[in-house]
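Dumped model-v7.csv below, it's CSV, C-alpha atoms:
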```
chain,number,residue,atom,x,y,z
A,1,MET,CA,65.5,-6.8,-96.4
A,2,GLY,CA,68.4,-4.6,-95.4
A,3,LYS,CA,66.3,-1.4,-95.6
A,4,LYS,CA,63.6,-3.1,-93.4
A,5,ASN,CA,66.1,-4.1,-90.8
A,6,SER,CA,67.6,-0.6,-90.9
A,7,GLY,CA,64.2,1.0,-90.4
A,8,SER,CA,63.4,-1.3,-87.5
A,9,LYS,CA,66.7,-0.4,-85.8
A,10,GLU,CA,66.1,3.3,-86.3
A,11,ALA,CA,62.6,3.0,-84.8
A,12,ALA,CA,63.9,1.0,-81.9
A,13,GLN,CA,66.6,3.6,-81.3
A,14,ALA,CA,64.1,6.4,-81.5
A,15,ARG,CA,61.9,4.6,-78.9
A,16,ALA,CA,64.9,4.0,-76.7
A,17,ASP,CA,66.0,7.6,-77.0
A,18,GLU,CA,62.5,8.9,-76.1
A,19,GLN,CA,62.4,6.5,-73.2
A,20,ALA,CA,65.7,7.8,-72.0
A,21,ARG,CA,64.5,11.4,-72.4
A,22,GLN,CA,61.4,10.7,-70.4
A,23,ASP,CA,63.5,9.1,-67.7
A,24,ARG,CA,65.7,12.2,-67.5
A,25,ILE,CA,62.6,14.4,-67.3
A,26,ARG,CA,61.1,12.3,-64.5
A,27,ARG,CA,64.4,12.3,-62.6
A,28,GLY,CA,64.9,16.0,-63.2
A,29,THR,CA,61.3,16.8,-62.1
A,30,ALA,CA,61.8,14.8,-58.9
A,31,ASP,CA,65.1,16.6,-58.2
A,32,ILE,CA,63.5,20.0,-58.7
A,33,ASN,CA,60.5,19.2,-56.5
A,34,SER,CA,62.8,17.8,-53.8
A,35,LEU,CA,65.0,20.9,-53.9
A,36,PHE,CA,62.0,23.3,-53.7
A,37,ASP,CA,60.1,21.3,-51.1
A,38,ARG,CA,63.3,21.3,-48.9
A,39,GLU,CA,64.1,24.9,-49.3
A,40,PHE,CA,60.6,26.4,-49.3
A,41,SER,CA,58.6,24.8,-46.6
A,42,ASP,CA,55.7,26.5,-44.7
A,43,SER,CA,58.2,27.7,-42.2
A,44,PHE,CA,60.0,29.7,-44.9
A,45,PHE,CA,56.9,31.5,-45.8
A,46,ASP,CA,56.0,32.1,-42.2
A,47,SER,CA,59.4,33.6,-41.8
A,48,ARG,CA,58.7,36.0,-44.7
A,49,ALA,CA,55.6,37.3,-42.9
A,50,LYS,CA,57.5,37.7,-39.7
A,51,ALA,CA,60.4,39.5,-41.4
A,52,TYR,CA,58.0,42.1,-42.7
A,53,ARG,CA,56.3,42.5,-39.3
A,54,ASP,CA,59.7,42.8,-37.6
A,55,TYR,CA,60.6,45.5,-40.1
A,56,ALA,CA,57.4,47.5,-40.0
A,57,MET,CA,56.2,47.2,-36.4
A,58,PRO,CA,59.0,49.3,-34.8
A,59,GLN,CA,58.3,52.0,-37.4
A,60,LEU,CA,54.6,51.9,-36.6
A,61,ASP,CA,55.3,52.1,-32.8
A,62,ASP,CA,57.7,54.9,-33.2
A,63,GLN,CA,55.2,56.9,-35.2
A,64,TYR,CA,52.5,56.2,-32.7
A,65,GLY,CA,54.7,57.4,-29.9
A,66,GLU,CA,55.6,60.6,-31.7
A,67,THR,CA,51.9,61.2,-32.5
A,68,GLN,CA,51.0,60.7,-28.9
A,69,ARG,CA,53.6,63.4,-27.9
A,70,ASP,CA,52.4,65.7,-30.7
A,71,LEU,CA,48.8,65.3,-29.6
A,72,THR,CA,49.7,66.2,-26.0
A,73,PHE,CA,51.6,69.3,-27.2
A,74,ALA,CA,48.7,70.3,-29.5
A,75,LEU,CA,46.1,69.9,-26.8
A,76,THR,CA,48.3,71.9,-24.4
A,77,ARG,CA,48.6,74.7,-26.9
A,78,ALA,CA,44.9,74.7,-27.4
A,79,GLY,CA,44.2,74.7,-23.7
A,80,LEU,CA,42.5,71.3,-23.9
A,81,LEU,CA,44.9,69.0,-22.0
A,82,ASP,CA,42.6,68.5,-19.1
A,83,SER,CA,39.4,68.4,-21.1
A,84,SER,CA,37.2,65.5,-22.4
A,85,VAL,CA,38.7,66.3,-25.8
A,86,ARG,CA,41.9,64.6,-24.7
A,87,ALA,CA,40.1,61.4,-24.0
A,88,ASP,CA,38.2,61.6,-27.3
A,89,LYS,CA,41.3,62.2,-29.3
A,90,THR,CA,43.4,59.6,-27.4
A,91,ALA,CA,40.7,57.0,-28.2
A,92,ASP,CA,40.7,58.0,-31.8
A,93,LEU,CA,44.4,57.7,-32.0
A,94,SER,CA,44.4,54.3,-30.3
A,95,LYS,CA,41.8,53.1,-32.9
A,96,ALA,CA,43.9,54.4,-35.7
A,97,TYR,CA,46.9,52.6,-34.3
A,98,ASP,CA,45.0,49.3,-34.1
A,99,ILE,CA,43.9,49.7,-37.8
A,100,GLN,CA,47.5,50.4,-38.9
A,101,ARG,CA,48.8,47.5,-36.8
A,102,GLN,CA,46.4,45.1,-38.5
A,103,GLY,CA,47.5,46.6,-41.8
A,104,VAL,CA,51.1,45.6,-41.0
A,105,VAL,CA,50.0,42.1,-40.1
A,106,ASP,CA,48.0,41.8,-43.4
A,107,GLN,CA,51.0,43.1,-45.4
A,108,GLY,CA,53.2,40.5,-43.8
A,109,GLU,CA,50.8,37.8,-45.0
A,110,ALA,CA,50.7,39.4,-48.4
A,111,GLU,CA,54.6,39.2,-48.5
A,112,ALA,CA,54.4,35.5,-47.6
A,113,THR,CA,51.8,34.9,-50.3
A,114,SER,CA,53.8,36.8,-52.9
A,115,ALA,CA,56.9,34.7,-52.0
A,116,ARG,CA,54.9,31.5,-52.3
A,117,ASN,CA,53.6,32.5,-55.7
A,118,ALA,CA,57.1,33.3,-56.9
A,119,VAL,CA,58.4,29.9,-55.8
A,120,GLU,CA,55.6,28.0,-57.5
A,121,ASP,CA,55.9,30.0,-60.7
A,122,SER,CA,59.6,29.3,-60.7
A,123,ARG,CA,59.0,25.6,-60.1
A,124,ALA,CA,56.5,25.4,-63.0
A,125,ASN,CA,58.8,27.3,-65.3
A,126,LEU,CA,61.8,25.1,-64.5
A,127,ILE,CA,59.8,21.9,-65.1
A,128,SER,CA,58.4,23.3,-68.3
A,129,MET,CA,61.9,24.1,-69.5
A,130,LEU,CA,63.0,20.5,-68.6
A,131,ASN,CA,60.1,19.0,-70.6
A,132,VAL,CA,61.3,21.0,-73.7
A,133,THR,CA,65.0,20.4,-73.4
A,134,GLY,CA,65.2,17.0,-71.6
A,135,ASP,CA,68.3,18.3,-69.9
A,136,ALA,CA,67.9,17.2,-66.3
A,137,GLN,CA,71.2,18.4,-65.1
A,138,GLY,CA,70.8,21.8,-66.7
A,139,ALA,CA,67.3,22.1,-65.1
A,140,VAL,CA,68.6,21.2,-61.7
A,141,ASN,CA,71.5,23.7,-62.0
A,142,ALA,CA,68.9,26.4,-62.9
A,143,ALA,CA,66.8,25.3,-60.0
A,144,LEU,CA,69.7,25.7,-57.6
A,145,ALA,CA,70.4,29.2,-58.9
A,146,ARG,CA,66.7,30.2,-58.8
A,147,SER,CA,66.3,28.9,-55.2
A,148,THR,CA,69.2,31.0,-54.1
A,149,ALA,CA,67.7,34.1,-55.6
A,150,LEU,CA,64.3,33.3,-54.1
A,151,SER,CA,65.8,32.8,-50.6
A,152,ARG,CA,67.3,36.3,-50.5
A,153,PRO,CA,65.6,38.6,-47.9
A,154,GLY,CA,62.8,40.9,-49.2
A,155,ASN,CA,63.3,44.6,-49.9
A,156,TYR,CA,60.7,46.7,-48.1
A,157,SER,CA,59.8,50.4,-48.4
A,158,PRO,CA,59.7,52.4,-45.2
A,159,LEU,CA,56.3,53.2,-43.8
A,160,THR,CA,54.8,56.5,-44.7
A,161,GLN,CA,53.8,59.0,-42.1
A,162,LEU,CA,50.7,57.0,-41.0
A,163,PHE,CA,49.4,59.6,-38.5
A,164,ALA,CA,50.5,62.7,-40.3
A,165,ASP,CA,47.1,64.4,-40.3
A,166,PHE,CA,46.1,63.4,-36.9
A,167,THR,CA,47.2,66.6,-35.0
A,168,SER,CA,47.4,69.0,-37.9
A,169,GLY,CA,45.0,71.9,-37.5
A,170,LEU,CA,44.0,70.8,-34.0
A,171,GLY,CA,44.6,74.2,-32.5
A,172,GLN,CA,42.9,76.0,-35.4
A,173,GLN,CA,39.9,73.7,-35.1
A,174,ALA,CA,39.6,74.4,-31.4
A,175,ALA,CA,39.7,78.1,-32.0
A,176,LEU,CA,37.0,77.9,-34.7
A,177,GLU,CA,34.7,75.8,-32.6
A,178,ARG,CA,35.1,78.0,-29.5
A,179,ALA,CA,34.4,81.1,-31.7
A,180,ASN,CA,31.4,79.3,-33.1
A,181,PHE,CA,30.1,78.5,-29.6
A,182,TYR,CA,30.5,82.0,-28.1
A,183,SER,CA,29.1,83.7,-31.2
A,184,GLY,CA,26.0,81.6,-31.4
A,185,GLY,CA,27.0,79.8,-34.5
A,186,ALA,CA,28.3,82.7,-36.5
A,187,TYR,CA,31.7,81.2,-37.1
A,188,GLY,CA,32.8,77.8,-38.2
A,189,GLY,CA,29.5,76.1,-37.6
A,190,ARG,CA,29.8,74.1,-40.9
A,191,TYR,CA,32.9,72.4,-39.6
A,192,ASN,CA,31.9,72.0,-36.0
A,193,THR,CA,32.8,68.6,-34.6
A,194,GLY,CA,31.4,69.2,-31.1
A,195,LEU,CA,34.7,68.3,-29.4
A,196,PHE,CA,36.2,71.6,-28.7
A,197,ALA,CA,33.2,73.7,-27.7
A,198,PRO,CA,33.0,74.6,-24.0
A,199,ARG,CA,30.9,72.2,-21.8
A,200,SER,CA,27.8,73.0,-19.9
A,201,GLY,CA,27.9,76.0,-17.7
A,202,SER,CA,29.7,78.1,-20.3
A,203,VAL,CA,28.2,81.4,-21.4
A,204,ARG,CA,27.0,81.6,-24.9
A,205,VAL,CA,26.7,85.0,-26.6
A,206,SER,CA,23.7,85.4,-28.8
A,207,GLY,CA,22.4,88.2,-30.9
A,208,GLY,CA,19.3,90.1,-30.0
```
Do you think you could lay out the structure here as structure tokens?
Amino acid sequence: MGKKNSGSKEAAQARADEQARQDRIRRGTADINSLFDREFSDSFFDSRAKAYRDYAMPQLDDQYGETQRDLTFALTRAGLLDSSVRADKTADLSKAYDIQRQGVVDQGEAEATSARNAVEDSRANLISMLNVTGDAQGAVNAALARSTALSRPGNYSPLTQLFADFTSGLGQQAALERANFYSGGAYGGRYNTGLFAPRSGSVRVSGG
């Protein structure tokens, strides 16, 4: 009789302990979710995208301005500043800028997505740890530490020289195409872009 009563008490205690454990897990899970939902709202992730744009856009604009100046110098050296080549190359540069600008916007969204994924991974790991240990207070303390780490500003790499090749070789290309034009195609015809050859009315030299 005594052993039966003892076994019943142990079983009842085990059920009570497990119930208490489940209560701690539910409470800890609610606390973790409350903390993460409060700290990492949609506005937090929007701010991550904006932070990258604010970091990268001035660099992009500076490089664009420098390339515009380099293009003007290159066209001047090639004697093409007042030609239709200037309009063509300026349009090409503007298109390249628009592409790079969209790239900055897209990277900002990627930064926001990466931050969101990191937050959700941390939340899942903390709740998983809580389910194993049943230590609600320990899980909440870990959540506080993790949220602090996740809230730190991102580290970004400086933009590369996005327009580095835009004006390189411009003068050489102009010389090749002019030589090609006046020689009747004897020089540089394979790489002729049609931008730098003299316009109508110019004299072409041909063999014969």
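The smallest atom-to-atom distance between Arg86 of chain A and any of A:Ile99, A:Ala136, A:Leu71, A:Ala149, using all atoms listed in the file, is found for A:Leu71.
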Discussion item. Applying 10 Å and all atoms listed in the file, which residues near segment 158-161 of chain A remain after dropping the ones on its own chain fewer than 3 positions away? List them as a list in words.
Written reply: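 Using all atoms listed in the file, the neighbours found are Tyr55, Ala56, Met57, Gln59, Leu60, Gln63, Tyr64, Val104, Asn155, Ala164 and Asp165 of chain A.
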Practice prompt. Considering all atoms listed in the file, state which residue in the set A:Thr76, A:Ala115, A:Gly103, A:Asp17 is at the smallest distance from Gly154 of chain A.
Written response: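 The shortest atom-to-atom distance to Gly154 of chain A comes from A:Ala115.
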Item to complete: Would you please work out which residue, of A:Gln107, A:Ser122, A:Ala143, A:Gly138, is nearest to Tyr52 of chain A when using all atoms listed in the file?
Response: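 Checking each candidate against Tyr52 of chain A, we get A:Gln107 as the closest.
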Worksheet item: So which one's closest to Pro153 of chain A, A:Ile25, A:Ala112, A:Val140, A:Ile32? Using only C-alpha atoms, please.
Response: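 When distances to Pro153 of chain A are compared using only C-alpha atoms, the smallest one comes from A:Ala112.
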Practice prompt. To one decimal in Å, tell me the separation between atom CA of Phe163 of chain A and atom CA of Thr67 of chain A.
Written response: 6.7 Å
Item to complete: Counting only C-alpha atoms, find the residues whose atoms lie at most 12 Å from (62.6, 13.0, -61.3) (file coordinates) and write them out as an MDAnalysis selection string.
Response: chainID A and resid 21:35 127 130:131 134:137 139:140
Now that the selection is made, can you save its residues with C-alpha atoms as a PDB file, keeping the file's coordinate frame?
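Output file part_12.pdb follows:
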```pdb
ATOM      1  CA  ARG A  21      64.500  11.400 -72.400  1.00  0.00           C
ATOM      2  CA  GLN A  22      61.400  10.700 -70.400  1.00  0.00           C
ATOM      3  CA  ASP A  23      63.500   9.100 -67.700  1.00  0.00           C
ATOM      4  CA  ARG A  24      65.700  12.200 -67.500  1.00  0.00           C
ATOM      5  CA  ILE A  25      62.600  14.400 -67.300  1.00  0.00           C
ATOM      6  CA  ARG A  26      61.100  12.300 -64.500  1.00  0.00           C
ATOM      7  CA  ARG A  27      64.400  12.300 -62.600  1.00  0.00           C
ATOM      8  CA  GLY A  28      64.900  16.000 -63.200  1.00  0.00           C
ATOM      9  CA  THR A  29      61.300  16.800 -62.100  1.00  0.00           C
ATOM     10  CA  ALA A  30      61.800  14.800 -58.900  1.00  0.00           C
ATOM     11  CA  ASP A  31      65.100  16.600 -58.200  1.00  0.00           C
ATOM     12  CA  ILE A  32      63.500  20.000 -58.700  1.00  0.00           C
ATOM     13  CA  ASN A  33      60.500  19.200 -56.500  1.00  0.00           C
ATOM     14  CA  SER A  34      62.800  17.800 -53.800  1.00  0.00           C
ATOM     15  CA  LEU A  35      65.000  20.900 -53.900  1.00  0.00           C
ATOM     16  CA  ILE A 127      59.800  21.900 -65.100  1.00  0.00           C
ATOM     17  CA  LEU A 130      63.000  20.500 -68.600  1.00  0.00           C
ATOM     18  CA  ASN A 131      60.100  19.000 -70.600  1.00  0.00           C
ATOM     19  CA  GLY A 134      65.200  17.000 -71.600  1.00  0.00           C
ATOM     20  CA  ASP A 135      68.300  18.300 -69.900  1.00  0.00           C
ATOM     21  CA  ALA A 136      67.900  17.200 -66.300  1.00  0.00           C
ATOM     22  CA  GLN A 137      71.200  18.400 -65.100  1.00  0.00           C
ATOM     23  CA  ALA A 139      67.300  22.100 -65.100  1.00  0.00           C
ATOM     24  CA  VAL A 140      68.600  21.200 -61.700  1.00  0.00           C
TER      25      VAL A 140
END
```
Worksheet item: So how far away is atom CA of Asp61 of chain A from atom CA of Tyr97 of chain A, in Å?
Response: 8.5 Å
Worksheet, complete the sentence: From atom CA of Ser157 of chain A to atom CA of Ala145 of chain A the spacing works out at 25.9 Å
